[in-house]
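Read through the structure below, which is laid out as structure tokens, and then see the notes.
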2 protein chains.
Amino acid sequence: MKKLTLIITAVLAVAGAAQAQQALWGVPQLTSPEINSDKTVTFRILAPDAQEVKVTGDFLPTEKIQTPFGVFDGPGYADLVKDDKGVWSFTTAEPLAPELYSYSFIVDGLKTNDPSNVFLIRDTATLTNIFLVDGDRADLYKVNDVPHGTVSKVWYPSPSLGMNRRATIYTPAGYESSTESYPVLYLLHGMGGDENAWTELGRAAQILDNLIAQGKAKPMIVVMTNGNAAMEAAPGETSEGFKAPTTQLPKTMDGSFELAFPEVMAFVEQNYRTRQDKASRAIAGLSMGGFHSLHISKEYPEAFDYVGLFSAAIIPQAEPLPEIYQDMEGKLARQFADAPKLYWIAIGKDDFLYKANEEYRALLDSHGYPYQYFETPQGHIWRNWRIYLSEFLPQLFD
Amino acid sequence: MKKLTLIITAVLAVAGAAQAQQALWGVPQLTSPEINSDKTVTFRILAPDAQEVKVTGDFLPTEKIQTPFGVFDGPGYADLVKDDKGVWSFTTAEPLAPELYSYSFIVDGLKTNDPSNVFLIRDTATLTNIFLVDGDRADLYKVNDVPHGTVSKVWYPSPSLGMNRRATIYTPAGYESSTESYPVLYLLHGMGGDENAWTELGRAAQILDNLIAQGKAKPMIVVMTNGNAAMEAAPGETSEGFKAPTTQLPKTMDGSFELAFPEVMAFVEQNYRTRQDKASRAIAGLSMGGFHSLHISKEYPEAFDYVGLFSAAIIPQAEPLPEIYQDMEGKLARQFADAPKLYWIAIGKDDFLYKANEEYRALLDSHGYPYQYFETPQGHIWRNWRIYLSEFLPQLFD
């Protein structure tokens with residue numbers, strides 16, 4: 001390897017200069033973030049000419065912010081300090097609790113990613129760096145040394161929407177080499193999300209791998225569809241090209257997605273080894289996906305024995321109501337006449353949808369419909385949705 | 001939808017402030033890059049406090065740069081100009097030729113991504129924004145309105161390396177619903193790359209979808225392995241966590257990967273509907289992956305009828321040579337005794353491996369071994385590897 005090593009060394013030394021003509025390999029100059037042995041975390045960025053560098057993220061205590069719409073909890077900020085080499089750094093005062101965190105730098109007012117950290121997640125149009133402090137529940141979000149399922153990006157036909165549509169499908173470890181049939185969870189995202197959200201922001205594949213390996217969840221197929229009926233696929237994955245993500249989409253909560261839902265179920269049941277009875281099907285979703293799960297499960301009451309509403313966006317729709325949203329009480333009565341084995345409602349105390357969910361629970365209570373309720377601190381955030389998924393999965397397919 | 005719209009509007013207005021507690025939806029304030037109707041491109045960034053903003057990328061003419069190692073072609077730079085709202089912008093003087101381009105901003109000396117563009121690709125430890133100017137060959141790199149194959153991240157056992165390993169596997173549109181068996185291309189990455197490189201930097205899924213839809217390539221399965229024998233999977237996808245990518249890996253070109261190669265082939269042939277004869281197997285790779293393809297194809301001479309060496313890193317290895325690199329001429333003689341239908345060598349005129357490839361061709365010539373040769377301008381860059389893939393695929397599995 002001697003010659004090769006020499007060539008690489010020479011080449012790395014000029015990598016910056018040469019990269020237009022030789023795709024070589026930049027290596028980060030700094031370690032950032034560094035998770036120290038005491039679980040404090042150090043952030044670093046080389047910015048010799050900057051006047052002020054801050055870090056902001058969900059690992060910092062929130063700050064109350066006055067806005068025209070009231071006082072909100074905003075993300076905290078911390079100042080980095082520059083050394084004589086132009087490296088700015090900040091170390092948290094306390095160890096951080098186990099969690100998947102996100103953060104950004106703000107350099108002289110400009111929000112920027114950490115150039116030393118290639119791990120980013122996209123939430124609609126925002127890209128944010130991530131890091132993980134392990135321990136406790138956060139160990140479910142890690143890739144551990146356990147058998148891993150397959151994660152596939154699959155296109156299925158949706159004649160009613162007039163397009164092929166992209167879904168993310170998880171098959172459990174061993175699926176390829178077995179002849180077994182598996183139960184299926186349909187797992188839906190929120191507004192601004194797409195078929196990538198649950199695996200990227202939600203760490204769904206890791207949570208599934210880990211819970212299945214621990215024997216806490218049954219091996220299952222998980223189908224993560226795109227819940228925006230006007231979209232074929234996530235931004236950048238359609239013939240619209242690299243178009244900026246947006247929340248201003250038509251047909252998100254007008255019944256189109258719910259009515260087309262049997263098409264993705266048909267594709268999955270025809271092309272994967274699935275168990276095809278009510279006891280072997282679950283549906284759950286967050287925010288808009290919780291709203292979709294509510295309506296799909298009551299529209300097709302014989303389909304799902306497990307229903308999960310995570311911070312569900314149970315919001316009145318404009319009149320005239322699409323047919324699927326009409327006669328809510330009649331349809332719920334039909335669904336609960338042969339009640340799902342599990343109807344699971346979860347929300348954070350600070351969620352802006354808390355009250356809407358409270359009212360929905362009161363409606364279920366008024367009819368004596370059985371459900372389970374799970375409440376957490378905090379609001380309408382992925383941290384909660386990862387918790388809900390990891391609490392929901394072990395209850396499926398008993 | 002009225003109430004919902006109101007809620008969203010209110011919430012967007014405070015999204016920045018509220019995001020620690022409510023995961024809502026930032027939307028970009030600017031369009032950048034904007035591909036104008038005349039195919040000039042405009043870049044924009046809001047940075048009111050910045051003193052100087054530049055853009056650098058492979059869409060700009062290269063500049064000669066003097067380094068201690070000689071004069072190299074370096075990436076070009078262009079200055080952005082600030083308007084009275086603090087928005088900096090730059091428009092290319094000329095229309096850009098069709099291509100997938102990459103770029104970064106440099107704000108007061110700090111390299112940063114474009115905050116208005118969520119589309120990034122990672123090359124080892126460098127994240128760069130991308131955009132695509134369509135037309136000509138670049139239309140192969142686009143998602144077009146054609147049937148799409150499935151892209152899966154799959155783990156296969158590699159007993160000889162003592163681990164499960166991750167591969168990206170492309171199955172052509174219709175695979176799920178058909179009973180047909182398909183030929184297989186094994187497509188290998190270069191040093192610093194991993195099992196994600198060909199689909200992310202190489203646009204392999206789009207090139208395959210488009211060429212298959214046009215009838216120019218046969219429907220095939222494409223297996224993109226991880227060629228670093230010390231790695232289970234790409235950075236962030238292993239139990240090492242979010243560890244910074246590096247090129248300083250052991251066991252990249254010491255024979256380990258080549259010797260373990262029958263294990264991935266066995267997994268694919270046991271678990272996918274594959275045609276399992278020499279005429280239905282191809283292997284190709286770029287740089288280190290070209291080196292791997294050379295050695296794997298001669299080590300298992302009955303396996304592959306199609307071999308592609310893209311900018312192959314044909315570099316002498318340190319003594320003592322691993323067994324697999326010994327007796328090169330004897331093994332080539334065995335391979336070419338029943339010569340592959342296609343042995344295809346491609347390289348750019350400015351590639352730092354040009355001479356090594358010239359010498360290798362001279363060796364083949366000296367024995368009269370048949371091969372095809374394809375030469376392009378420019379060097380050791382993804383632009384060339386996308387071209388090579390799109391030239392290679394139509395020649396497979398006649």
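Each chain in the structure tokens gets a letter, A, B and so on, in the order shown; residues start at 1 in every chain, and ligands are counted from 1 in the order they appear.
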
Identify, with DSSP run on backbone atoms, the residues in region 173-203 of chain A assigned to alpha helix (DSSP H), and express the list as a PyMOL selection string. chain A and resi 197-200

Write the residues you've just listed into a file as a PDB file, in the first residue's frame, and include C-alpha atoms for each of them.
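As written to disk, again_33.pdb reads:
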```pdb
ATOM      1  CA  ALA A 197     -40.170  11.408   7.048  1.00  0.00           C
ATOM      2  CA  TRP A 198     -40.648   8.388   9.317  1.00  0.00           C
ATOM      3  CA  THR A 199     -37.335   6.785   8.403  1.00  0.00           C
ATOM      4  CA  GLU A 200     -35.329  10.019   8.462  1.00  0.00           C
TER       5      GLU A 200
END
```

Distance query Asp38 (chain B) at most 9 Å, only C-alpha atoms, self and fewer than 6 positions along chain excluded, as a list in words: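 Once the nearby chain positions are removed, what remains is Glu94, Pro95 and Leu96 of chain B.
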
Writer output for current selection, N, CA and C atoms, as a tab-separated table (two decimals), in the first residue's frame:
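As written to disk, selection.tsv reads:
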```
chain	number	residue	atom	x	y	z
B	94	GLU	N	-23.42	33.21	-18.99
B	94	GLU	CA	-23.84	32.39	-20.12
B	94	GLU	C	-24.83	31.33	-19.66
B	95	PRO	N	-25.66	30.85	-20.57
B	95	PRO	CA	-26.47	29.66	-20.23
B	95	PRO	C	-25.53	28.51	-19.87
B	96	LEU	N	-25.97	27.66	-18.95
B	96	LEU	CA	-25.16	26.49	-18.60
B	96	LEU	C	-25.57	25.29	-19.45
```

Shell around region 42-50 of chain A at 12 Å using only C-alpha atoms, local window under 6 positions removed, as a PyMOL selection string: (chain A and resi 28-36+56-57+59+78-96+103-110+112-117+129-131) or (chain B and resi 49-52+106-112)

At what distance in Å, to one decimal, does CA of Asp350 (chain B) lie from CA of Pro245 (chain B)?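 Distance between the two atoms: 26.7 Å.
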
For each of B:Phe291, B:Trp155, B:Glu302, B:Pro219, take the minimum atom-to-atom distance to Phe267 (chain B), counting only C-alpha atoms, then give the residue where this is smallest.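 For Phe267 (chain B), the nearest of the given residues is B:Trp155.
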
Applying 12 Å and only C-alpha atoms, which residues near Leu342 (chain A) remain after dropping the ones on its own chain fewer than 2 positions away? List them as an MDAnalysis selection string. chainID A and resid 278:279 281:284 297 304:309 336 338:340 344:345 369:373 392:398

Just to be explicit: take each residue in the selection above, keep N, CA and C atoms, and write the result as a compact mmCIF listing (two decimals), in the first residue's frame.
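Written out: selection.txt:
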```txt
# COMPACT_ATOMS: atom_id res chain seq x y z
N LYS A 278 -57.95 -8.54 9.62
CA LYS A 278 -58.02 -7.34 10.46
C LYS A 278 -57.00 -7.38 11.60
N ALA A 279 -56.83 -8.57 12.20
CA ALA A 279 -55.91 -8.70 13.35
C ALA A 279 -54.45 -8.52 12.94
N ARG A 281 -53.49 -6.11 10.64
CA ARG A 281 -53.28 -4.79 10.03
C ARG A 281 -53.39 -3.70 11.07
N ALA A 282 -52.44 -2.75 10.99
CA ALA A 282 -52.45 -1.58 11.87
C ALA A 282 -52.27 -0.33 11.03
N ILE A 283 -52.79 0.79 11.53
CA ILE A 283 -52.56 2.07 10.88
C ILE A 283 -52.31 3.12 11.95
N ALA A 284 -51.29 3.95 11.72
CA ALA A 284 -50.99 5.01 12.67
C ALA A 284 -50.37 6.17 11.91
N SER A 297 -59.40 4.48 9.18
CA SER A 297 -59.80 3.33 9.99
C SER A 297 -61.32 3.28 10.18
N PHE A 304 -58.70 -2.65 10.06
CA PHE A 304 -57.59 -2.44 11.01
C PHE A 304 -58.00 -2.75 12.45
N ASP A 305 -57.21 -3.59 13.09
CA ASP A 305 -57.46 -3.89 14.49
C ASP A 305 -56.60 -3.02 15.41
N TYR A 306 -55.70 -2.26 14.83
CA TYR A 306 -54.82 -1.41 15.62
C TYR A 306 -54.77 -0.03 14.98
N VAL A 307 -55.07 0.98 15.75
CA VAL A 307 -55.11 2.35 15.24
C VAL A 307 -54.32 3.24 16.19
N GLY A 308 -53.41 4.05 15.64
CA GLY A 308 -52.62 4.96 16.47
C GLY A 308 -52.77 6.39 15.99
N LEU A 309 -53.21 7.27 16.88
CA LEU A 309 -53.33 8.69 16.55
C LEU A 309 -52.27 9.44 17.36
N PHE A 336 -66.74 1.05 15.99
CA PHE A 336 -66.62 0.55 17.35
C PHE A 336 -67.65 -0.55 17.67
N ASP A 338 -67.54 -3.28 16.17
CA ASP A 338 -66.55 -4.36 16.29
C ASP A 338 -65.22 -3.66 16.57
N ALA A 339 -65.08 -3.21 17.80
CA ALA A 339 -64.01 -2.25 18.14
C ALA A 339 -62.63 -2.80 17.82
N PRO A 340 -61.73 -1.91 17.36
CA PRO A 340 -60.34 -2.32 17.18
C PRO A 340 -59.78 -2.85 18.50
N TRP A 344 -55.35 3.88 19.99
CA TRP A 344 -54.34 4.47 20.87
C TRP A 344 -54.15 5.94 20.51
N ILE A 345 -54.39 6.80 21.47
CA ILE A 345 -54.29 8.25 21.26
C ILE A 345 -53.14 8.78 22.10
N TYR A 369 -66.76 4.35 23.73
CA TYR A 369 -65.86 3.63 22.83
C TYR A 369 -64.50 3.46 23.52
N PRO A 370 -63.96 2.26 23.51
CA PRO A 370 -62.70 2.04 24.24
C PRO A 370 -61.48 2.56 23.48
N TYR A 371 -60.57 3.18 24.20
CA TYR A 371 -59.28 3.61 23.62
C TYR A 371 -58.26 3.68 24.74
N GLN A 372 -57.00 3.70 24.36
CA GLN A 372 -55.92 3.92 25.31
C GLN A 372 -55.40 5.33 25.09
N TYR A 373 -54.96 5.95 26.17
CA TYR A 373 -54.47 7.33 26.06
C TYR A 373 -53.08 7.42 26.67
N PHE A 392 -46.01 2.35 20.77
CA PHE A 392 -47.12 1.74 20.01
C PHE A 392 -46.75 0.35 19.48
N LEU A 393 -45.55 0.23 18.92
CA LEU A 393 -45.16 -1.01 18.24
C LEU A 393 -45.29 -2.26 19.12
N PRO A 394 -44.86 -2.21 20.39
CA PRO A 394 -44.95 -3.44 21.19
C PRO A 394 -46.38 -3.89 21.45
N GLN A 395 -47.37 -3.03 21.21
CA GLN A 395 -48.76 -3.40 21.47
C GLN A 395 -49.45 -4.04 20.27
N LEU A 396 -48.71 -4.16 19.15
CA LEU A 396 -49.34 -4.62 17.91
C LEU A 396 -49.24 -6.13 17.72
N PHE A 397 -50.31 -6.69 17.14
CA PHE A 397 -50.29 -8.06 16.60
C PHE A 397 -50.02 -9.12 17.67
N ASP A 398 -50.70 -8.96 18.81
CA ASP A 398 -50.53 -9.94 19.90
C ASP A 398 -51.02 -11.32 19.47
```

List the neighbours of Asp139 (chain A) out to 9 Å using only C-alpha atoms; skip same-chain residues closer than 5 positions along the sequence, and give me the result as an NGL selection string. :A and (98-99 or 133-134 or 144 or 207 or 210)

Output file for the residues above (N, CA and C atoms, as an mmCIF file, in the first residue's frame):
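Dumped to selection-v4.cif:
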```
data_model
loop_
_atom_site.group_PDB
_atom_site.id
_atom_site.type_symbol
_atom_site.label_atom_id
_atom_site.label_comp_id
_atom_site.auth_asym_id
_atom_site.auth_seq_id
_atom_site.Cartn_x
_atom_site.Cartn_y
_atom_site.Cartn_z
ATOM 1 N N PRO A 98 -30.094 11.320 27.257
ATOM 2 C CA PRO A 98 -30.145 10.539 26.012
ATOM 3 C C PRO A 98 -31.258 11.047 25.089
ATOM 4 N N GLU A 99 -30.929 11.288 23.844
ATOM 5 C CA GLU A 99 -31.917 11.811 22.883
ATOM 6 C C GLU A 99 -31.219 11.993 21.534
ATOM 7 N N VAL A 133 -27.187 11.327 21.754
ATOM 8 C CA VAL A 133 -26.599 10.967 23.049
ATOM 9 C C VAL A 133 -27.258 9.665 23.466
ATOM 10 N N ASP A 134 -26.462 8.610 23.642
ATOM 11 C CA ASP A 134 -27.101 7.310 23.819
ATOM 12 C C ASP A 134 -27.512 7.045 25.260
ATOM 13 N N ASN A 144 -27.921 -0.430 16.132
ATOM 14 C CA ASN A 144 -27.198 -1.329 17.019
ATOM 15 C C ASN A 144 -26.773 -2.579 16.264
ATOM 16 N N ILE A 207 -35.863 1.908 15.229
ATOM 17 C CA ILE A 207 -36.779 1.527 16.311
ATOM 18 C C ILE A 207 -37.333 0.120 16.051
ATOM 19 N N ASN A 210 -34.579 -2.605 16.480
ATOM 20 C CA ASN A 210 -34.202 -2.810 17.880
ATOM 21 C C ASN A 210 -35.312 -3.487 18.677
#
```

When DSSP is applied to the backbone of this structure, which of region 23-147 of chain A are assigned strand (DSSP E or B)? Write them out as a ChimeraX atom specification. /A:34-35,41-46,53-57,63-67,70-74,76-79,81-82,87-91,99-107,110-112,120-123,126-133
